[in-house]
Structures are given as C-alpha cells and as structure tokens.
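Next comes query.tsv, with TSV, C-alpha atoms.
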```tsv
chain	number	residue	atom	x	y	z
A	1	MET	CA	105.57	65.94	145.95
A	2	ALA	CA	107.64	67.83	143.43
A	3	SER	CA	104.78	70.22	144.19
A	4	LEU	CA	105.74	69.91	147.88
A	5	MET	CA	102.50	68.00	148.46
A	6	GLY	CA	100.40	70.96	147.36
A	7	ILE	CA	102.01	74.25	148.43
A	8	PRO	CA	99.27	76.78	149.20
A	9	ARG	CA	99.50	80.21	147.58
A	10	PRO	CA	101.37	82.32	150.14
A	11	SER	CA	99.59	85.58	149.32
A	12	ARG	CA	100.36	87.15	152.67
A	13	ILE	CA	104.09	86.41	152.84
A	14	VAL	CA	105.29	87.98	149.58
A	15	ARG	CA	106.43	91.17	151.29
A	16	ALA	CA	108.19	89.15	153.98
A	17	LEU	CA	110.48	87.38	151.47
A	18	PRO	CA	112.22	90.06	149.39
A	19	LEU	CA	115.35	87.89	149.10
A	20	LEU	CA	113.51	85.12	147.28
A	21	ARG	CA	111.69	87.62	145.10
A	22	LYS	CA	115.00	89.26	144.17
A	23	HIS	CA	116.73	86.00	143.26
A	24	SER	CA	113.78	84.70	141.22
A	25	SER	CA	113.81	87.46	138.63
A	26	GLY	CA	111.90	86.16	135.63
A	27	SER	CA	113.45	85.60	132.25
A	28	SER	CA	111.60	85.00	129.04
A	29	GLU	CA	112.06	81.52	127.59
A	30	GLY	CA	110.03	79.44	125.21
A	31	GLY	CA	107.50	81.67	123.45
A	32	GLY	CA	107.84	84.66	125.76
A	33	ARG	CA	106.54	82.97	128.90
A	34	SER	CA	108.15	84.15	132.11
A	35	VAL	CA	110.37	81.52	133.72
A	36	HIS	CA	111.81	82.13	137.17
A	37	ARG	CA	115.32	80.70	137.07
A	38	ASN	CA	116.67	79.41	140.37
A	39	ASP	CA	120.35	78.81	139.70
A	40	TRP	CA	121.14	80.14	143.18
A	41	VAL	CA	119.75	76.95	144.77
A	42	ARG	CA	122.84	75.06	143.55
A	43	SER	CA	125.27	77.41	145.29
A	44	ALA	CA	127.31	75.88	148.11
A	45	PRO	CA	125.28	77.56	150.91
A	46	ALA	CA	121.93	76.60	149.35
A	47	THR	CA	123.13	73.02	148.78
A	48	THR	CA	124.04	72.77	152.45
A	49	VAL	CA	120.63	74.15	153.47
A	50	ARG	CA	118.88	71.74	151.11
A	51	SER	CA	120.78	68.76	152.51
A	52	ALA	CA	119.67	69.73	156.01
A	53	LEU	CA	116.05	70.29	154.96
A	54	GLN	CA	115.93	66.93	153.20
A	55	GLN	CA	117.41	65.22	156.23
A	56	VAL	CA	115.25	66.79	158.95
A	57	LEU	CA	112.07	67.70	157.06
A	58	MET	CA	111.51	65.95	153.73
A	59	GLY	CA	112.78	62.53	154.75
A	60	PRO	CA	110.75	62.23	157.98
A	61	VAL	CA	107.61	63.45	156.20
A	62	ILE	CA	108.04	60.95	153.38
A	63	ARG	CA	108.71	58.06	155.77
A	64	SER	CA	105.67	58.99	157.86
A	65	GLN	CA	103.39	58.76	154.82
A	66	VAL	CA	104.79	55.87	152.73
A	67	ARG	CA	107.12	52.92	153.14
A	68	VAL	CA	109.98	53.36	150.68
A	69	HIS	CA	111.68	50.15	149.53
A	70	THR	CA	114.96	50.75	147.68
A	71	HIS	CA	116.46	48.18	145.34
A	72	ASP	CA	119.96	48.09	143.79
A	73	VAL	CA	120.85	51.74	144.42
A	74	GLU	CA	124.46	50.59	144.88
A	75	ALA	CA	124.76	50.50	141.07
A	76	LEU	CA	125.25	54.27	141.22
A	77	ASP	CA	128.38	53.93	143.33
A	78	ARG	CA	130.25	52.36	140.45
A	79	LEU	CA	129.69	55.27	138.06
A	80	GLY	CA	132.28	57.79	139.17
A	81	THR	CA	130.62	60.44	136.99
A	82	ALA	CA	127.48	62.48	136.61
A	83	ALA	CA	124.54	60.63	135.05
A	84	VAL	CA	121.03	61.11	133.75
A	85	LEU	CA	118.58	59.21	135.96
A	86	VAL	CA	115.45	58.38	133.96
A	87	ALA	CA	112.27	57.21	135.69
A	88	ASN	CA	108.63	56.64	134.93
A	89	HIS	CA	106.32	59.34	136.29
A	90	SER	CA	102.79	59.14	137.65
A	91	SER	CA	102.76	61.11	140.92
A	92	HIS	CA	104.08	64.22	142.63
A	93	LEU	CA	105.61	61.74	145.07
A	94	ASP	CA	108.06	60.49	142.46
A	95	ALA	CA	110.82	63.08	142.89
A	96	PRO	CA	111.03	63.09	146.70
A	97	VAL	CA	110.77	59.29	146.81
A	98	ILE	CA	113.75	59.03	144.44
A	99	LEU	CA	115.70	61.43	146.63
A	100	GLU	CA	114.82	59.42	149.72
A	101	ALA	CA	115.96	56.23	148.00
A	102	LEU	CA	119.26	57.82	146.95
A	103	GLY	CA	120.20	58.76	150.49
A	104	ALA	CA	122.00	61.87	151.73
A	105	ARG	CA	125.39	61.28	150.11
A	106	ARG	CA	124.18	60.35	146.62
A	107	ARG	CA	121.52	63.04	146.32
A	108	ARG	CA	123.72	65.98	147.32
A	109	ARG	CA	124.56	66.86	143.70
A	110	VAL	CA	121.33	65.69	142.06
A	111	ALA	CA	119.00	68.13	140.31
A	112	ILE	CA	115.39	67.31	139.42
A	113	ALA	CA	114.02	68.44	136.05
A	114	ALA	CA	110.62	70.07	136.53
A	115	ALA	CA	108.24	71.62	134.03
A	116	ALA	CA	109.22	75.24	133.43
A	117	ASP	CA	105.65	76.17	132.51
A	118	TYR	CA	104.26	74.96	135.86
A	119	PHE	CA	106.88	74.98	138.61
A	120	PHE	CA	108.72	78.08	137.39
A	121	ASP	CA	105.93	80.39	136.29
A	122	VAL	CA	105.83	82.07	139.72
A	123	TRP	CA	108.62	82.56	142.27
A	124	TRP	CA	106.73	80.96	145.16
A	125	ARG	CA	106.87	77.58	143.38
A	126	ALA	CA	110.31	78.01	141.83
A	127	ALA	CA	112.10	79.00	145.05
A	128	PRO	CA	110.85	76.40	147.56
A	129	SER	CA	110.79	73.50	145.11
A	130	GLY	CA	114.37	74.32	144.16
A	131	LEU	CA	115.60	74.82	147.69
A	132	VAL	CA	113.98	71.67	149.14
A	133	ILE	CA	113.74	69.27	146.19
A	134	GLY	CA	116.52	70.63	143.98
A	135	THR	CA	114.41	71.33	140.89
A	136	TYR	CA	115.51	73.27	137.82
A	137	PRO	CA	113.38	74.42	134.86
A	138	LEU	CA	112.99	72.11	131.87
A	139	GLU	CA	111.11	73.35	128.83
A	140	ARG	CA	108.62	70.67	127.81
A	141	ARG	CA	108.03	72.43	124.48
A	142	GLY	CA	111.66	72.78	123.51
A	143	GLY	CA	112.09	76.49	124.17
A	144	ARG	CA	115.10	78.30	122.80
A	145	GLY	CA	117.97	79.70	124.81
A	146	ALA	CA	120.61	78.29	127.12
A	147	ASN	CA	120.16	74.66	128.06
A	148	PRO	CA	120.38	74.35	131.87
A	149	SER	CA	120.40	70.54	131.65
A	150	ALA	CA	123.60	70.45	129.60
A	151	GLN	CA	125.25	73.03	131.84
A	152	LEU	CA	124.38	71.11	135.00
A	153	LEU	CA	125.85	67.91	133.57
A	154	ALA	CA	128.99	69.80	132.59
A	155	ASP	CA	129.21	71.10	136.17
A	156	GLY	CA	129.05	67.55	137.54
A	157	TRP	CA	125.40	67.43	138.61
A	158	SER	CA	123.38	64.30	137.94
A	159	LEU	CA	119.87	64.89	136.63
A	160	VAL	CA	116.57	63.16	137.33
A	161	ILE	CA	114.42	63.38	134.20
A	162	PHE	CA	110.93	61.97	133.77
A	163	ALA	CA	111.17	61.08	130.10
A	164	GLU	CA	107.44	60.73	129.51
A	165	GLY	CA	107.24	64.53	129.58
A	166	GLY	CA	104.62	64.62	132.34
A	167	ARG	CA	102.73	62.46	134.77
A	168	SER	CA	100.71	59.49	133.62
A	169	TYR	CA	97.10	59.93	134.69
A	170	THR	CA	96.39	56.20	134.47
A	171	GLY	CA	99.48	54.82	136.20
A	172	GLU	CA	100.61	53.15	132.97
A	173	MET	CA	103.96	54.21	131.54
A	174	ARG	CA	103.71	56.39	128.45
A	175	PRO	CA	106.16	56.56	125.51
A	176	PHE	CA	109.44	58.29	126.35
A	177	LYS	CA	110.55	61.50	124.68
A	178	LYS	CA	114.08	61.76	123.28
A	179	GLY	CA	115.42	64.64	125.38
A	180	ALA	CA	117.07	62.59	128.14
A	181	ALA	CA	118.82	60.30	125.64
A	182	TYR	CA	119.99	63.28	123.59
A	183	LEU	CA	121.44	64.97	126.67
A	184	ALA	CA	123.29	61.83	127.75
A	185	LEU	CA	124.72	61.27	124.27
A	186	GLU	CA	125.84	64.87	123.89
A	187	ALA	CA	127.42	64.97	127.36
A	188	GLY	CA	128.91	61.48	127.15
A	189	VAL	CA	127.36	60.40	130.45
A	190	PRO	CA	125.46	57.20	131.29
A	191	VAL	CA	121.73	56.83	131.81
A	192	VAL	CA	120.49	55.04	134.91
A	193	PRO	CA	116.96	53.61	134.49
A	194	ILE	CA	114.69	53.81	137.52
A	195	ALA	CA	111.36	52.07	138.04
A	196	LEU	CA	108.84	53.58	140.45
A	197	ARG	CA	106.15	51.21	141.64
A	198	GLY	CA	103.32	52.23	143.97
A	199	THR	CA	103.60	56.01	143.87
A	200	PHE	CA	100.52	56.31	141.64
A	201	GLU	CA	98.44	54.37	144.15
A	202	ALA	CA	99.97	56.26	147.08
A	203	MET	CA	99.32	59.72	145.64
A	204	PRO	CA	97.52	59.75	142.31
A	205	PRO	CA	96.97	62.93	140.30
A	206	LYS	CA	94.44	65.35	141.81
A	207	ARG	CA	95.60	64.51	145.35
A	208	ASN	CA	97.72	66.97	147.33
A	209	TRP	CA	98.73	64.46	150.00
A	210	PRO	CA	99.34	60.68	150.05
A	211	VAL	CA	96.49	58.33	150.88
A	212	PRO	CA	96.28	57.11	154.49
A	213	GLY	CA	97.88	53.88	155.68
A	214	ARG	CA	101.54	54.34	154.67
A	215	PRO	CA	101.34	52.41	151.37
A	216	ASP	CA	104.42	50.65	150.02
A	217	VAL	CA	106.41	52.24	147.21
A	218	HIS	CA	109.35	50.62	145.44
A	219	VAL	CA	112.30	52.36	143.79
A	220	THR	CA	114.40	50.03	141.63
A	221	PHE	CA	117.65	51.17	140.02
A	222	GLY	CA	118.89	49.44	136.88
A	223	GLU	CA	122.35	48.98	135.49
A	224	PRO	CA	123.75	52.10	133.74
A	225	LEU	CA	123.20	52.34	130.00
A	226	HIS	CA	125.83	53.92	127.76
A	227	GLY	CA	125.34	55.43	124.36
A	228	ARG	CA	126.83	53.40	121.53
A	229	GLN	CA	129.13	54.75	118.86
A	230	GLY	CA	127.01	56.64	116.34
A	231	GLU	CA	123.75	55.82	118.15
A	232	LYS	CA	120.84	58.18	117.50
A	233	ALA	CA	118.79	59.65	120.34
A	234	GLY	CA	115.69	57.82	119.17
A	235	ASP	CA	117.41	54.43	119.32
A	236	PHE	CA	118.92	55.18	122.73
A	237	THR	CA	115.50	56.30	123.96
A	238	ALA	CA	114.03	52.95	122.93
A	239	ARG	CA	116.69	51.11	124.96
A	240	ILE	CA	116.09	53.33	128.00
A	241	GLU	CA	112.33	52.86	127.81
A	242	GLU	CA	112.74	49.10	127.50
A	243	ALA	CA	115.03	49.02	130.54
A	244	VAL	CA	112.56	50.95	132.69
A	245	ALA	CA	109.69	48.75	131.50
A	246	LYS	CA	111.62	45.60	132.44
A	247	LEU	CA	112.42	46.97	135.88
A	248	LEU	CA	108.74	47.81	136.38
A	249	ALA	CA	107.67	44.34	135.30
A	250	ASN	CA	110.04	42.75	137.81
A	251	SER	CA	109.45	45.12	140.71
```
Would you encode the structure as structure tokens?
Amino acid sequence: MASLMGIPRPSRIVRALPLLRKHSSGSSEGGGRSVHRNDWVRSAPATTVRSALQQVLMGPVIRSQVRVHTHDVEALDRLGTAAVLVANHSSHLDAPVILEALGARRRRRVAIAAAADYFFDVWWRAAPSGLVIGTYPLERRGGRGANPSAQLLADGWSLVIFAEGGRSYTGEMRPFKKGAAYLALEAGVPVVPIALRGTFEAMPPKRNWPVPGRPDVHVTFGEPLHGRQGEKAGDFTARIEEAVAKLLANS
C-alpha cells in the first residue's frame, strides 16, 4: 500500500493539479534519472493534512481490509529521540500497516523511505504517496548528492526503512543491506526492529488490493538497538537483522 493499493494513472487530471506539478519539479539524482523530490509534504500544513487523511481515510480503509494486531509499540515511548525503524518487507501493505500500528501521535513525524526509481519517477506517484503515507525518496543504488535520510533524522523525523532493499517475492526475509545501520550510527540514533507477519499473505506482490476476508496481520516492535563504540555498519546490520528475525520467529 506504499503504492496506495495500486494508484491508477491519472492521465486526465494532470491539468487540474498545477500545484502538485509545480512542487514536484524533477531533479537529477543517481545516474541522471529524474527524481521528483517532495520535501513540501513535511511542511507544517502538509503534515496536518496528512494526519487528517491517515485518520479519516487510510486508517478506516486498512481496518476494513485487514485486522492489525500491534505488539509492544510502547517501546517507542521510552526513546525521547528520532529513530530508524527497520522492518522486513514483502508487501505494499507494509508501510500503511506500520503507520496504523504506530497510531496518530507516534506517526506524526515519521517518514517512510521509498524507492526513488519507482515511487519518485513521476509526480503522480511522488505527490500522493508523500502526502498520504509520508514517503521520501531513497536511492537503492546509492546515488550521489544530498542525503535526505540524514537530513530528516537531523530535523527530528524518525524513518521507516525496509533494509532488504525491496520486497521479498517469496515472503521469506532476505539479507539486510547496510544503509539503515550506517545512517543510525552516523546520526547517533537508535534502531527499532519491527517484524511484520501476515502482510505477504494479505497482499502478496502482483496484487493491487488485499485478499478478501480481512486476514490477520501482526506488527511487533522490538527493544531499541544502539550502535556500540567503534561498531562498523556491517556488524550493526547483522545485529538488526538478527533482532527482526527473532521477532518474526516469535510473532
């Protein structure tokens, strides 16, 4: 649902939305590909609009399609700082389900990392996914230029990052990449492991809408992990991956 459950191409409304087209002016990042930045969605007015949309639109839709069971989210209340939330990833449901599990207060300053080469290649994906879900562009291929992840953390935003680098097409967790651990170490913020169970079955790849019957999905939050003195990103990544795997095994 980071794809908004399959947004259709709005070919007939482009002329009706000049404001969105103006704000989503493309910039070249990562090998010359056009990336539509959406920094405006984290302005105070847009954040207020997003909170309302999540409360009256996204939440009711999610709850009408799946049963979300949240476990140990209270661990976040003890942080008192921004954090990198790292979860396994196998469905477009993953991002909105995490937001639903966080609740209105905790998700207000949470940004979702989304693939720059897919969600931000055209404005009509970049704008609505940012305004409703809170996505920002993450280069999966390590493009050069300013790092929006580091800037968001510095500005006090927590980030949801799917460390596998993309969805699993089998439902099994894949090896984690080092980017999330590197960000947390550089920013000096904790990592919160999250296990998502049931989203693959509820809305596997190739589907644009959840399966019928309101299947159960479970979102389990682990205890925050902190980088150790002198720890390398690869070693921290291994600890994060192990924590998510343990949460999955016990969820």
Inset, instruction - Find the residue from A:Ala87, A:Leu225, A:Leu57, A:Gly213 that sits nearest to A:Leu248; use all atoms listed in the file when measuring. - result: A:Ala87
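Excluding A:Leu138 and any residue on its chain fewer than 6 positions from it, the residues at most 8 Å away by all atoms listed in the file are Ala113, Ala114, Ala115, Ala116, Pro148 and Ser149 of chain A.
Among the candidates A:Pro137, A:Pro224, A:Pro193, A:Gly156, the one nearest to A:Val35 when counting all atoms listed in the file is A:Pro137.
Checking A:Ala126, A:Ala52, A:Ile161, A:Ala245 one by one against A:Arg105, counting only C-alpha atoms, you find the shortest gap at A:Ala52.
Near A:Pro210, within 10 Å and counting only C-alpha atoms, sit Met1, Met5, Ile62, Gln65, Val66, Ser91, His92, Leu93, Thr199, Phe200, Glu201, Ala202, Met203, Pro204, Arg214 and Pro215 of chain A; same-chain residues fewer than 4 positions away were not included.
Distance-wise, atom CA of A:Ala195 and atom CA of A:His218 end up 7.8 Å apart.
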Inset, instruction - May I ask which of the residues A:Ala83, A:Val219, A:Leu183, A:Ala249 is the closest one to A:Phe236, counting only C-alpha atoms? - result: A:Leu183
Legend entry - Among the residues A:Ser158, A:Thr237, A:Asn250, A:Ser90, the one that comes closest to A:Arg207 [using all atoms listed in the file]: A:Ser90
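Between A:Val160 and the residues A:Trp209, A:Trp40, A:Phe120, A:Tyr136, the shortest atom-to-atom distance, using only C-alpha atoms, involves A:Tyr136.
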Expected axis-aligned box over every listed atom of stretch 169-181 of chain A, 6 Å added per side, centre plus edges in Å to one decimal, as lines of an AutoDock Vina configuration file:
```
center_x = 107.6
center_y = 58.9
center_z = 129.7
size_x = 34.4
size_y = 23.5
size_z = 24.9
```
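The spacing separating atom CA of A:Ala181 from atom CA of A:Arg228 amounts to 11.3 Å.
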Legend entry - For atom CA of A:Ala111 and atom CA of A:Leu159, the interatomic separation in Å (one decimal): 5.0 Å
